[in-house]
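Visitor: What follows is input12.txt; its format and atoms are compact mmCIF, C-alpha atoms (C1' of nucleotides) and all ligand atoms.
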```txt
# COMPACT_ATOMS: atom_id res chain seq x y z
CA MET O 1 0.00 0.00 0.00
CA GLN O 2 2.07 2.83 -1.29
CA TYR O 3 1.54 5.65 -3.71
CA SER O 4 3.13 5.07 -7.09
CA LYS O 5 6.13 6.91 -8.46
CA SER O 6 3.84 8.64 -10.91
CA THR O 7 2.23 10.45 -8.02
CA ASP O 8 5.66 11.48 -6.82
CA TYR O 9 6.56 12.83 -10.24
CA ALA O 10 3.24 14.59 -10.69
CA LEU O 11 3.55 16.38 -7.38
CA HIS O 12 7.06 17.55 -8.10
CA ALA O 13 6.17 18.67 -11.59
CA LEU O 14 3.29 20.73 -10.26
CA LEU O 15 5.47 22.22 -7.55
CA HIS O 16 7.85 23.29 -10.27
CA LEU O 17 5.07 24.85 -12.31
CA GLY O 18 3.76 26.59 -9.23
CA HIS O 19 7.04 28.26 -8.46
CA PRO O 20 6.57 32.04 -8.26
CA GLU O 21 9.07 33.39 -10.77
CA ARG O 22 8.22 30.93 -13.51
CA HIS O 23 7.66 32.09 -17.04
CA ALA O 24 4.46 30.51 -18.32
CA ASN O 25 4.68 27.43 -20.53
CA VAL O 26 7.38 25.23 -19.10
CA GLY O 27 8.48 22.65 -21.66
CA ILE O 28 8.77 18.93 -21.02
CA LYS O 29 12.54 19.23 -21.49
CA GLU O 30 12.90 21.60 -18.56
CA LEU O 31 10.65 19.48 -16.39
CA SER O 32 12.48 16.31 -17.31
CA ALA O 33 15.85 17.86 -16.52
CA THR O 34 14.67 19.27 -13.21
CA LEU O 35 13.01 16.14 -11.93
CA GLY O 36 15.49 13.69 -13.37
CA VAL O 37 12.81 11.68 -15.12
CA SER O 38 12.78 10.68 -18.79
CA GLU O 39 10.83 12.93 -21.13
CA SER O 40 8.84 10.01 -22.53
CA TYR O 41 7.50 8.93 -19.21
CA LEU O 42 6.97 12.34 -17.74
CA SER O 43 4.95 13.44 -20.76
CA LYS O 44 2.54 10.59 -20.07
CA ILE O 45 2.00 11.94 -16.61
CA MET O 46 1.56 15.50 -17.78
CA SER O 47 -0.92 14.30 -20.33
CA LYS O 48 -2.98 12.69 -17.61
CA LEU O 49 -2.86 15.85 -15.54
CA ARG O 50 -4.10 17.76 -18.53
CA GLN O 51 -6.99 15.38 -19.18
CA ASP O 52 -8.13 15.97 -15.64
CA GLY O 53 -7.91 19.70 -15.93
CA ILE O 54 -5.00 20.24 -13.56
CA VAL O 55 -2.70 21.77 -16.14
CA ARG O 56 -3.04 23.32 -19.58
CA ALA O 57 -0.76 22.38 -22.46
CA VAL O 58 0.10 24.16 -25.65
CA PRO O 59 2.10 22.52 -28.46
CA GLY O 60 4.30 24.28 -30.91
CA VAL O 61 7.29 26.54 -30.59
CA ASN O 62 7.66 27.95 -27.10
CA GLY O 63 4.85 25.72 -25.96
CA GLY O 64 4.70 23.83 -22.72
CA TYR O 65 2.64 23.44 -19.58
CA GLU O 66 1.13 25.75 -17.00
CA LEU O 67 -1.25 25.31 -14.09
CA ALA O 68 -4.87 25.41 -15.14
CA ARG O 69 -5.89 27.10 -11.90
CA PRO O 70 -4.19 28.83 -8.97
CA ALA O 71 -1.83 26.60 -7.02
CA GLY O 72 -3.95 27.22 -3.97
CA ARG O 73 -6.82 25.33 -5.55
CA ILE O 74 -4.82 22.25 -6.47
CA THR O 75 -4.96 19.94 -3.50
CA PHE O 76 -2.85 16.89 -2.78
CA LEU O 77 -6.01 14.86 -3.01
CA ASP O 78 -6.63 16.13 -6.53
CA VAL O 79 -3.23 15.03 -7.69
CA ILE O 80 -3.35 11.69 -5.95
CA GLN O 81 -6.75 10.86 -7.33
CA VAL O 82 -5.69 11.66 -10.86
CA MET O 83 -2.69 9.36 -10.64
CA GLU O 84 -3.98 6.61 -8.40
CA GLY O 85 -7.58 6.53 -9.52
CA ARG O 86 -10.69 7.04 -7.49
CA GLU O 87 -11.51 3.51 -6.40
CA GLN O 88 -12.28 3.17 -2.77
CA LEU O 89 -9.78 1.93 -0.22
CA PHE O 90 -11.79 -1.19 0.47
CA GLU O 91 -14.12 -3.11 -1.77
CA CYS O 92 -15.87 -6.25 -0.62
CA SER O 93 -15.01 -9.25 -2.76
CA ASN O 94 -17.64 -11.76 -1.71
CA SER O 95 -20.77 -10.12 -0.43
CA LYS O 96 -22.74 -13.30 -0.95
CA SER O 97 -20.66 -15.48 1.34
CA GLN O 98 -21.99 -16.96 4.52
CA GLN O 99 -19.94 -14.39 6.43
CA HIS O 100 -21.94 -11.58 4.96
CA GLN O 101 -25.10 -12.54 6.79
CA LEU O 102 -23.32 -12.49 10.09
CA LEU O 103 -22.18 -8.92 9.64
CA ALA O 104 -24.99 -7.35 7.73
CA ASP O 105 -27.85 -9.13 9.45
CA ASP O 106 -26.03 -10.60 12.43
CA GLY O 107 -27.27 -14.14 11.95
CA ALA O 108 -30.92 -13.25 12.12
CA ASP O 109 -32.74 -16.00 10.29
CA GLU O 110 -35.25 -13.72 8.68
CA PRO O 111 -36.17 -14.57 5.09
CA VAL O 112 -34.09 -12.81 2.49
CA ARG O 113 -35.49 -9.32 2.44
CA GLU O 114 -33.90 -7.32 -0.28
CA ARG O 115 -34.66 -3.97 1.23
CA ARG O 116 -30.95 -3.46 1.75
CA GLY O 117 -30.47 -0.09 3.36
CA ASN O 118 -30.54 -0.57 7.07
CA GLY O 119 -28.58 -3.74 6.38
CA GLU O 120 -25.48 -1.84 5.36
CA CYS O 121 -22.03 -3.37 5.65
CA LEU O 122 -20.17 -2.60 8.85
CA VAL O 123 -16.74 -3.43 7.50
CA GLU O 124 -17.17 -1.05 4.63
CA LYS O 125 -18.46 1.54 7.03
CA VAL O 126 -15.23 1.47 9.01
CA MET O 127 -13.11 1.56 5.90
CA LEU O 128 -15.08 4.38 4.37
CA GLY O 129 -14.57 6.33 7.55
CA ALA O 130 -10.83 5.78 7.26
CA GLN O 131 -10.86 6.91 3.67
CA GLN O 132 -12.79 10.05 4.52
CA HIS O 133 -10.33 10.99 7.25
CA LEU O 134 -7.46 10.54 4.84
CA HIS O 135 -9.13 12.52 2.08
CA GLN O 136 -10.08 15.34 4.36
CA TYR O 137 -6.48 15.78 5.43
CA LEU O 138 -5.18 15.59 1.88
CA GLN O 139 -7.66 18.21 0.80
CA GLU O 140 -6.32 20.69 3.29
CA HIS O 141 -2.90 20.72 1.68
CA THR O 142 -2.35 22.35 -1.66
CA ILE O 143 0.57 22.96 -3.97
CA GLN O 144 0.47 26.56 -2.79
CA SER O 145 0.50 25.74 0.90
CA LEU O 146 3.59 23.61 0.49
CA LEU O 147 5.29 26.29 -1.54
CA ASP O 148 4.47 28.82 1.15
CA GLU O 149 6.01 26.66 3.80
CA ALA O 150 9.15 26.22 1.74
CA PHE O 151 9.43 29.96 1.38
CA LYS O 152 8.92 30.48 5.08
CA ARG O 153 11.67 28.04 5.89
CA HIS O 154 14.00 29.71 3.45
CA PHE O 155 13.28 33.04 5.06
CA ASN O 156 14.05 31.68 8.51
CA LEU O 157 17.33 30.20 7.37
CA GLU O 158 18.39 33.49 5.86
CA GLY O 159 17.45 35.24 9.06
CA ASN O 160 19.58 32.93 11.13
CA LYS O 161 22.57 33.40 8.91
CA LYS O 162 22.82 37.12 9.46
CA MET K 1 -4.55 2.36 -4.20
CA GLN K 2 -6.73 -0.26 -2.71
CA TYR K 3 -6.35 -2.85 -0.01
CA SER K 4 -5.81 -6.36 -1.32
CA LYS K 5 -8.26 -9.22 -1.10
CA SER K 6 -5.99 -10.85 1.46
CA THR K 7 -6.81 -8.06 3.85
CA ASP K 8 -10.49 -8.61 3.19
CA TYR K 9 -10.14 -12.32 3.90
CA ALA K 10 -8.04 -11.78 6.99
CA LEU K 11 -10.54 -9.37 8.49
CA HIS K 12 -13.44 -11.70 7.88
CA ALA K 13 -11.56 -14.68 9.23
CA LEU K 14 -10.75 -12.81 12.42
CA LEU K 15 -14.34 -11.65 12.76
CA HIS K 16 -15.37 -15.28 12.56
CA LEU K 17 -12.85 -16.29 15.19
CA GLY K 18 -13.95 -13.45 17.40
CA HIS K 19 -17.57 -14.48 17.37
CA PRO K 20 -18.84 -14.97 20.93
CA GLU K 21 -20.17 -18.53 20.95
CA ARG K 22 -17.24 -20.03 19.11
CA HIS K 23 -15.60 -23.21 20.31
CA ALA K 24 -11.87 -22.66 20.40
CA ASN K 25 -9.75 -23.96 17.53
CA VAL K 26 -11.64 -23.32 14.37
CA GLY K 27 -10.26 -25.44 11.55
CA ILE K 28 -9.31 -24.15 8.13
CA LYS K 29 -12.19 -26.16 6.66
CA GLU K 30 -14.79 -24.25 8.61
CA LEU K 31 -13.19 -20.93 7.81
CA SER K 32 -12.90 -21.77 4.14
CA ALA K 33 -16.54 -22.81 3.96
CA THR K 34 -17.73 -19.73 5.82
CA LEU K 35 -15.77 -17.21 3.81
CA GLY K 36 -16.03 -18.94 0.48
CA VAL K 37 -12.29 -18.93 -0.08
CA SER K 38 -10.14 -21.93 -0.98
CA GLU K 39 -8.47 -23.72 1.89
CA SER K 40 -5.07 -23.47 0.25
CA TYR K 41 -5.11 -19.76 -0.07
CA LEU K 42 -6.75 -19.01 3.21
CA SER K 43 -4.20 -21.10 5.06
CA LYS K 44 -1.47 -18.86 3.68
CA ILE K 45 -3.20 -15.89 5.16
CA MET K 46 -3.77 -17.56 8.51
CA SER K 47 -0.12 -18.52 8.55
CA LYS K 48 0.86 -14.91 8.12
CA LEU K 49 -1.48 -13.85 10.89
CA ARG K 50 0.13 -16.42 13.12
CA GLN K 51 3.66 -15.28 12.35
CA ASP K 52 2.67 -11.81 13.46
CA GLY K 53 1.10 -13.01 16.65
CA ILE K 54 -2.50 -12.23 15.80
CA VAL K 55 -3.73 -15.80 16.05
CA ARG K 56 -2.49 -19.04 17.52
CA ALA K 57 -2.54 -22.29 15.59
CA VAL K 58 -2.47 -25.88 16.71
CA PRO K 59 -2.07 -28.76 14.26
CA GLY K 60 -3.38 -32.24 14.71
CA VAL K 61 -6.79 -33.69 15.40
CA ASN K 62 -9.28 -31.08 16.56
CA GLY K 63 -6.68 -28.45 15.90
CA GLY K 64 -7.27 -25.07 14.31
CA TYR K 65 -6.97 -21.38 14.98
CA GLU K 66 -7.93 -19.04 17.76
CA LEU K 67 -7.26 -15.39 18.52
CA ALA K 68 -3.95 -14.86 20.29
CA ARG K 69 -5.36 -11.97 22.31
CA PRO K 70 -8.77 -10.49 23.10
CA ALA K 71 -10.63 -9.19 20.06
CA GLY K 72 -10.64 -5.78 21.64
CA ARG K 73 -6.89 -5.59 21.27
CA ILE K 74 -6.78 -6.51 17.60
CA THR K 75 -7.14 -3.29 15.66
CA PHE K 76 -7.89 -2.82 11.99
CA LEU K 77 -4.47 -1.26 11.68
CA ASP K 78 -2.86 -4.41 13.04
CA VAL K 79 -4.53 -6.58 10.45
CA ILE K 80 -3.90 -4.22 7.57
CA GLN K 81 -0.25 -3.87 8.42
CA VAL K 82 0.24 -7.60 8.58
CA MET K 83 -1.28 -8.11 5.15
CA GLU K 84 -0.20 -4.97 3.35
CA GLY K 85 3.19 -4.46 4.94
CA ARG K 86 4.46 -1.51 6.90
CA GLU K 87 6.02 0.61 4.18
CA GLN K 88 5.05 4.21 4.32
CA LEU K 89 2.41 5.77 2.10
CA PHE K 90 4.94 7.92 0.31
CA GLU K 91 8.59 7.31 -0.31
CA CYS K 92 10.71 9.77 -2.25
CA SER K 93 12.25 8.21 -5.34
CA ASN K 94 14.86 10.77 -6.32
CA SER K 95 16.08 12.79 -3.38
CA LYS K 96 19.16 13.86 -5.26
CA SER K 97 17.36 15.53 -8.14
CA GLN K 98 17.51 19.22 -8.78
CA GLN K 99 13.97 19.50 -7.44
CA HIS K 100 15.07 18.36 -4.05
CA GLN K 101 17.08 21.49 -3.39
CA LEU K 102 14.09 23.66 -4.12
CA LEU K 103 11.99 21.99 -1.49
CA ALA K 104 14.46 21.07 1.17
CA ASP K 105 16.58 24.21 1.00
CA ASP K 106 14.32 26.42 -1.09
CA GLY K 107 16.93 27.35 -3.66
CA ALA K 108 19.34 28.85 -1.21
CA ASP K 109 22.73 28.69 -2.84
CA GLU K 110 24.55 27.74 0.30
CA PRO K 111 27.33 25.19 -0.15
CA VAL K 112 26.24 21.63 0.35
CA ARG K 113 26.01 21.30 4.08
CA GLU K 114 25.27 17.74 5.00
CA ARG K 115 23.82 18.56 8.37
CA ARG K 116 20.45 17.36 7.17
CA GLY K 117 17.97 17.78 9.98
CA ASN K 118 16.48 21.22 9.68
CA GLY K 119 16.42 20.58 5.95
CA GLU K 120 13.70 17.97 6.20
CA CYS K 121 11.46 17.16 3.25
CA LEU K 122 8.17 19.05 3.12
CA VAL K 123 6.44 16.64 0.75
CA GLU K 124 7.16 13.73 3.02
CA LYS K 125 5.99 15.79 5.95
CA VAL K 126 2.56 16.24 4.41
CA MET K 127 2.31 12.61 3.43
CA LEU K 128 3.42 11.40 6.83
CA GLY K 129 0.73 13.54 8.35
CA ALA K 130 -1.85 11.91 6.12
CA GLN K 131 -0.60 8.47 7.06
CA GLN K 132 -0.76 9.25 10.75
CA HIS K 133 -4.34 10.46 10.49
CA LEU K 134 -5.28 7.27 8.68
CA HIS K 135 -3.48 5.04 11.16
CA GLN K 136 -4.94 6.76 14.14
CA TYR K 137 -8.44 6.16 12.86
CA LEU K 138 -7.73 2.54 12.01
CA GLN K 139 -6.34 2.00 15.47
CA GLU K 140 -9.56 3.09 17.09
CA HIS K 141 -11.50 0.26 15.47
CA THR K 142 -11.03 -3.30 16.62
CA ILE K 143 -12.47 -6.67 15.76
CA GLN K 144 -14.40 -6.42 18.99
CA SER K 145 -15.84 -2.99 18.32
CA LEU K 146 -17.19 -4.11 14.99
CA LEU K 147 -18.67 -7.21 16.54
CA ASP K 148 -20.31 -5.09 19.21
CA GLU K 149 -21.89 -2.89 16.62
CA ALA K 150 -23.20 -5.88 14.71
CA PHE K 151 -24.77 -7.19 17.89
CA LYS K 152 -26.31 -3.84 18.67
CA ARG K 153 -27.85 -3.67 15.24
CA HIS K 154 -29.22 -7.16 15.58
CA PHE K 155 -30.78 -6.26 18.90
CA ASN K 156 -32.47 -3.22 17.40
CA LEU K 157 -33.88 -5.23 14.54
CA GLU K 158 -35.33 -7.80 16.92
CA GLY K 159 -36.84 -5.00 18.97
CA ASN K 160 -38.55 -3.51 15.95
CA LYS K 161 -40.03 -6.80 14.92
CA LYS K 162 -41.99 -7.28 18.11
C1' DC W 1 5.84 26.27 -44.71
C1' DT W 2 8.68 24.59 -41.05
C1' DA W 3 10.71 23.80 -36.80
C1' DT W 4 9.10 22.78 -32.40
C1' DT W 5 6.47 20.65 -28.91
C1' DG W 6 2.75 17.87 -26.92
C1' DT W 7 -0.41 13.40 -27.76
C1' DG W 8 -1.46 8.79 -27.95
C1' DG W 9 -0.70 4.07 -29.37
C1' DA W 10 2.24 -0.02 -29.44
C1' DC W 11 5.29 -2.44 -27.01
C1' DC W 12 8.51 -4.33 -23.41
C1' DT W 13 9.88 -5.93 -18.68
C1' DG W 14 9.68 -7.00 -13.86
C1' DT W 15 7.06 -7.46 -9.88
C1' DG W 16 3.40 -8.57 -6.97
C1' DA W 17 -1.46 -10.26 -6.09
C1' DT W 18 -4.13 -14.28 -6.39
C1' DA W 19 -4.30 -18.98 -6.40
C1' DT W 20 -3.28 -24.13 -6.53
C1' DC W 21 -0.82 -28.45 -5.33
C1' DC W 22 1.90 -31.28 -2.59
C1' DA W 23 5.29 -33.05 0.63
C1' DT W 24 6.26 -32.52 5.38
C1' DA W 25 5.86 -31.48 10.34
C1' DA W 26 3.27 -31.48 14.42
C1' DT W 27 -0.22 -33.13 17.35
C1' DA W 28 -4.14 -35.54 19.78
C1' DA W 29 -6.51 -39.56 20.23
C1' DA W 30 -6.94 -44.54 19.83
C1' DT Z 1 3.12 -46.34 19.09
C1' DT Z 2 0.54 -45.85 15.49
C1' DT Z 3 -2.76 -43.24 12.88
C1' DA Z 4 -5.76 -39.87 11.34
C1' DT Z 5 -5.93 -35.11 11.26
C1' DT Z 6 -4.53 -30.49 10.61
C1' DA Z 7 -1.31 -26.66 9.83
C1' DT Z 8 3.14 -25.21 7.30
C1' DG Z 9 5.98 -23.87 3.61
C1' DG Z 10 8.00 -24.45 -0.96
C1' DA Z 11 7.24 -24.62 -5.88
C1' DT Z 12 4.69 -23.14 -9.50
C1' DA Z 13 1.22 -20.82 -12.58
C1' DT Z 14 -1.43 -16.91 -14.18
C1' DC Z 15 -2.51 -12.29 -14.72
C1' DA Z 16 -2.74 -7.42 -14.14
C1' DC Z 17 -0.29 -3.40 -13.61
C1' DA Z 18 3.59 -0.17 -12.61
C1' DG Z 19 7.27 1.72 -14.89
C1' DG Z 20 9.37 2.79 -18.92
C1' DT Z 21 10.80 3.34 -24.12
C1' DC Z 22 9.93 4.46 -28.96
C1' DC Z 23 7.72 6.50 -32.69
C1' DA Z 24 4.30 8.41 -35.88
C1' DC Z 25 1.18 12.15 -35.80
C1' DA Z 26 -1.26 16.57 -34.61
C1' DA Z 27 -1.07 21.18 -33.42
C1' DT Z 28 0.90 25.57 -33.22
C1' DA Z 29 3.88 29.92 -33.43
C1' DG Z 30 6.67 32.36 -36.26
S1 LIG A 1 -20.08 -7.86 5.64
FE1 LIG A 1 -19.39 -6.30 4.19
S2 LIG A 1 -17.32 -6.90 3.69
FE2 LIG A 1 -18.25 -8.67 4.70
S3 LIG A 1 -19.06 -9.88 3.01
FE3 LIG A 1 -20.76 -8.54 3.64
S4 LIG A 1 -20.51 -6.73 2.31
FE4 LIG A 1 -18.59 -7.85 2.17
S1 LIG A 2 11.79 17.41 -1.61
FE1 LIG A 2 11.29 15.47 -0.57
S2 LIG A 2 10.13 14.35 -2.08
FE2 LIG A 2 11.10 16.01 -3.20
S3 LIG A 2 13.01 15.13 -3.93
FE3 LIG A 2 13.52 16.07 -1.95
S4 LIG A 2 13.21 14.38 -0.48
FE4 LIG A 2 12.22 13.73 -2.35
```
Show me the file's structure as structure tokens.

Guide:
Amino acid sequence: MQYSKSTDYALHALLHLGHPERHANVGIKELSATLGVSESYLSKIMSKLRQDGIVRAVPGVNGGYELARPAGRITFLDVIQVMEGREQLFECSNSKSQQHQLLADDGADEPVRERRGNGECLVEKVMLGAQQHLHQYLQEHTIQSLLDEAFKRHFNLEGNKK
Amino acid sequence: MQYSKSTDYALHALLHLGHPERHANVGIKELSATLGVSESYLSKIMSKLRQDGIVRAVPGVNGGYELARPAGRITFLDVIQVMEGREQLFECSNSKSQQHQLLADDGADEPVRERRGNGECLVEKVMLGAQQHLHQYLQEHTIQSLLDEAFKRHFNLEGNKK
DNA sequence: CTATTGTGGACCTGTGATATCCATAATAAA
DNA sequence: TTTATTATGGATATCACAGGTCCACAATAG
């Protein structure tokens, strides 16, 4: 259970694009050189980010990428969901097993009522709760907020030096 | 990014073992039949749970598995970590790239000082935070707590029927 | 028109999840 | 002590997917 390298790359690419004194339209070459990732692979990732509306891309001379919206509105969750997909953390694989009855109906021998609604899965409920906690946290952190913190740290270091 | 089926199976197996009126030493046959998973595969999972001290196993006639400690002390996090491993959610893949400087030192052109300590990674910091939130939540839910809730629900249903 | 730059498809490789089979070890009961 | 039973661990198979390369093509600015 670990985020893929693609997520790593995507985050770093966006952080680069979000850097204050950046001329618009950063080319794949610059990104590739900065991150140390092959152009071929990185372009796949950028393409995905574009399809999901995180960045804009323009081909042609002096083309390149730029953020499609302010860095403050690009959350970690956004990026992660683009790269890792939006499936849920836990998905039951055999909801018609004998086990299921025990947890959804707790062994009650009532005839199969298909109302299904108050008989909602408790395992999934726990896991969904976990997922929501995780997502909420990831939504509170944006590309901008990380950049801000980096700047703050830099400022403090400079201060100490003098 | 999804938990594996093994985790699903493990959770259900433990829920079965934790059931109140269970004779000790539940055999792999019973588990397999209840969960609807092959004996071969399920035994692998049980073996892993044993190696991590979640269950005890005794071979031989009338042998089987039982919880190694009270169900209230087996958390979801425990189970998930046994099955999914304990790697962290995010692991940097190229900490010596050009990017790294930007985020750890924020572009300061100071000579490479290898003190490393106040120059801690901000991306990892965010991700570690996310992981801790997730883990904390998963630690608050145990096999017992889920079982309790299932019982409570059952009780309410019975009440409504009368 | 042309050089430049992103897009998308085909393809390759290694790894890990899922799963089965079997030989062996351990154990309780007869 | 033997025997039937039950868990263990190694070997193996299959399959999907992460990670990555290459290339032909589309789009665009100048
Ligand atoms: S209780 Fe939930 S997780 Fe378990 S089998 Fe039913 S639906 Fe699936
Ligand atoms: S800033 Fe953090 S994530 Fe980025 S390269 Fe450095 S160590 Fe890795």

Visitor: List all protein, DNA and RNA residues that have at least one atom no more than 9 Å from any atom of ligand LIG 1 (chain A), counting all atoms listed in the file, and write them as an MDAnalysis selection string.

Guide: (chainID O and resid 90:105 120:125) or (chainID K and resid 8:9 11:12 35)

Visitor: Residues of chain O that have any atom at most 12 Å from an atom of ligand LIG 2 (chain A): could you tabulate them with the shortest-distance atom pair and the distance in Å to one decimal, using only C-alpha atoms and all ligand atoms, ordered by chain and increasing number, as JSON lines?

Guide:
```
{"residue": "O:Lys5", "atom": "CA", "partner": "A:LIG2", "partner_atom": "S2", "distance": 10.6}
{"residue": "O:Thr7", "atom": "CA", "partner": "A:LIG2", "partner_atom": "S2", "distance": 10.6}
{"residue": "O:Asp8", "atom": "CA", "partner": "A:LIG2", "partner_atom": "S2", "distance": 7.1}
{"residue": "O:Tyr9", "atom": "CA", "partner": "A:LIG2", "partner_atom": "FE2", "distance": 9.0}
{"residue": "O:Ala10", "atom": "CA", "partner": "A:LIG2", "partner_atom": "FE2", "distance": 10.9}
{"residue": "O:Leu11", "atom": "CA", "partner": "A:LIG2", "partner_atom": "FE2", "distance": 8.6}
{"residue": "O:His12", "atom": "CA", "partner": "A:LIG2", "partner_atom": "FE2", "distance": 6.5}
{"residue": "O:Ala13", "atom": "CA", "partner": "A:LIG2", "partner_atom": "FE2", "distance": 10.1}
{"residue": "O:Leu14", "atom": "CA", "partner": "A:LIG2", "partner_atom": "FE2", "distance": 11.5}
{"residue": "O:Leu15", "atom": "CA", "partner": "A:LIG2", "partner_atom": "FE2", "distance": 9.4}
{"residue": "O:His16", "atom": "CA", "partner": "A:LIG2", "partner_atom": "FE2", "distance": 10.7}
{"residue": "O:Thr34", "atom": "CA", "partner": "A:LIG2", "partner_atom": "S3", "distance": 10.3}
{"residue": "O:Leu35", "atom": "CA", "partner": "A:LIG2", "partner_atom": "S3", "distance": 8.1}
{"residue": "O:Gly36", "atom": "CA", "partner": "A:LIG2", "partner_atom": "S3", "distance": 9.9}
{"residue": "O:Val37", "atom": "CA", "partner": "A:LIG2", "partner_atom": "S3", "distance": 11.7}
{"residue": "O:Leu146", "atom": "CA", "partner": "A:LIG2", "partner_atom": "S1", "distance": 10.5}
{"residue": "O:Leu147", "atom": "CA", "partner": "A:LIG2", "partner_atom": "S1", "distance": 11.0}
{"residue": "O:Ala150", "atom": "CA", "partner": "A:LIG2", "partner_atom": "S1", "distance": 9.8}
```

Visitor: Just C-alpha atoms for this one: save the residues we selected as a PDB file, in the coordinates of the input.

Guide:
```pdb
ATOM      1  CA  LYS O   5       6.130   6.910  -8.460  1.00  0.00           C
ATOM      2  CA  THR O   7       2.230  10.450  -8.020  1.00  0.00           C
ATOM      3  CA  ASP O   8       5.660  11.480  -6.820  1.00  0.00           C
ATOM      4  CA  TYR O   9       6.560  12.830 -10.240  1.00  0.00           C
ATOM      5  CA  ALA O  10       3.240  14.590 -10.690  1.00  0.00           C
ATOM      6  CA  LEU O  11       3.550  16.380  -7.380  1.00  0.00           C
ATOM      7  CA  HIS O  12       7.060  17.550  -8.100  1.00  0.00           C
ATOM      8  CA  ALA O  13       6.170  18.670 -11.590  1.00  0.00           C
ATOM      9  CA  LEU O  14       3.290  20.730 -10.260  1.00  0.00           C
ATOM     10  CA  LEU O  15       5.470  22.220  -7.550  1.00  0.00           C
ATOM     11  CA  HIS O  16       7.850  23.290 -10.270  1.00  0.00           C
ATOM     12  CA  THR O  34      14.670  19.270 -13.210  1.00  0.00           C
ATOM     13  CA  LEU O  35      13.010  16.140 -11.930  1.00  0.00           C
ATOM     14  CA  GLY O  36      15.490  13.690 -13.370  1.00  0.00           C
ATOM     15  CA  VAL O  37      12.810  11.680 -15.120  1.00  0.00           C
ATOM     16  CA  LEU O 146       3.590  23.610   0.490  1.00  0.00           C
ATOM     17  CA  LEU O 147       5.290  26.290  -1.540  1.00  0.00           C
ATOM     18  CA  ALA O 150       9.150  26.220   1.740  1.00  0.00           C
TER      19      ALA O 150
END
```

Visitor: Please identify all residues of chain O having at least one atom at most 8 Å from any atom of chain W, considering all atoms listed in the file, and return them as a PyMOL selection string.

Guide: chain O and resi 27+43+47+57-64

Visitor: Mind writing the picked residues with C-alpha atoms as a short mmCIF file (atom, residue, chain, number, x, y, z; two decimals), in the frame of the given file?

Guide:
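That gives us again16.cif:
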```cif
data_model
loop_
_atom_site.label_atom_id
_atom_site.label_comp_id
_atom_site.auth_asym_id
_atom_site.auth_seq_id
_atom_site.Cartn_x
_atom_site.Cartn_y
_atom_site.Cartn_z
CA GLY O 27 8.48 22.65 -21.66
CA SER O 43 4.95 13.44 -20.76
CA SER O 47 -0.92 14.30 -20.33
CA ALA O 57 -0.76 22.38 -22.46
CA VAL O 58 0.10 24.16 -25.65
CA PRO O 59 2.10 22.52 -28.46
CA GLY O 60 4.30 24.28 -30.91
CA VAL O 61 7.29 26.54 -30.59
CA ASN O 62 7.66 27.95 -27.10
CA GLY O 63 4.85 25.72 -25.96
CA GLY O 64 4.70 23.83 -22.72
#
```

Visitor: For a test of reading the model, state the distance in Å between CA of Ser6 (chain K) and CA of Met127 (chain K), rounded to one decimal.

Guide: 25.0 Å

Visitor: I need the contact residues of chain Z against chain K, so if you could list those with any atom within 6 Å, counting only C-alpha atoms (C1' of nucleotides), and return them as a PyMOL selection string, that would help.

Guide: chain Z and resi 5-7

Visitor: Keeping only C-alpha atoms (C1' of nucleotides), write the selected residues to a file as an mmCIF file, in the frame of the given file.

Guide:
```
data_model
loop_
_atom_site.group_PDB
_atom_site.id
_atom_site.type_symbol
_atom_site.label_atom_id
_atom_site.label_comp_id
_atom_site.auth_asym_id
_atom_site.auth_seq_id
_atom_site.Cartn_x
_atom_site.Cartn_y
_atom_site.Cartn_z
ATOM 1 C "C1'" DT Z 5 -5.930 -35.110 11.260
ATOM 2 C "C1'" DT Z 6 -4.530 -30.490 10.610
ATOM 3 C "C1'" DA Z 7 -1.310 -26.660 9.830
#
```

Visitor: In Å, with one decimal, what is the gap from C1' of DT12 (chain Z) to CA of Asp52 (chain K)?

Guide: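 Separating C1' of DT12 (chain Z) from CA of Asp52 (chain K) is a distance of 25.7 Å.
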
Visitor: Which value, in Å to one decimal, gives the distance between CA of Ile74 (chain K) and CA of Leu138 (chain K)?

Guide: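 So the answer is 10.7 Å.
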
Visitor: Could the centre and edge lengths of an axis-aligned box, enclosing all atoms of region 16-26 of chain W in the file with 8 Å extra on each side, be given in Å to one decimal as AutoDock Vina command-line options?

Guide:
```
--center_x 1.0 --center_y -20.8 --center_z 3.7 --size_x 26.6 --size_y 40.5 --size_z 37.4
```
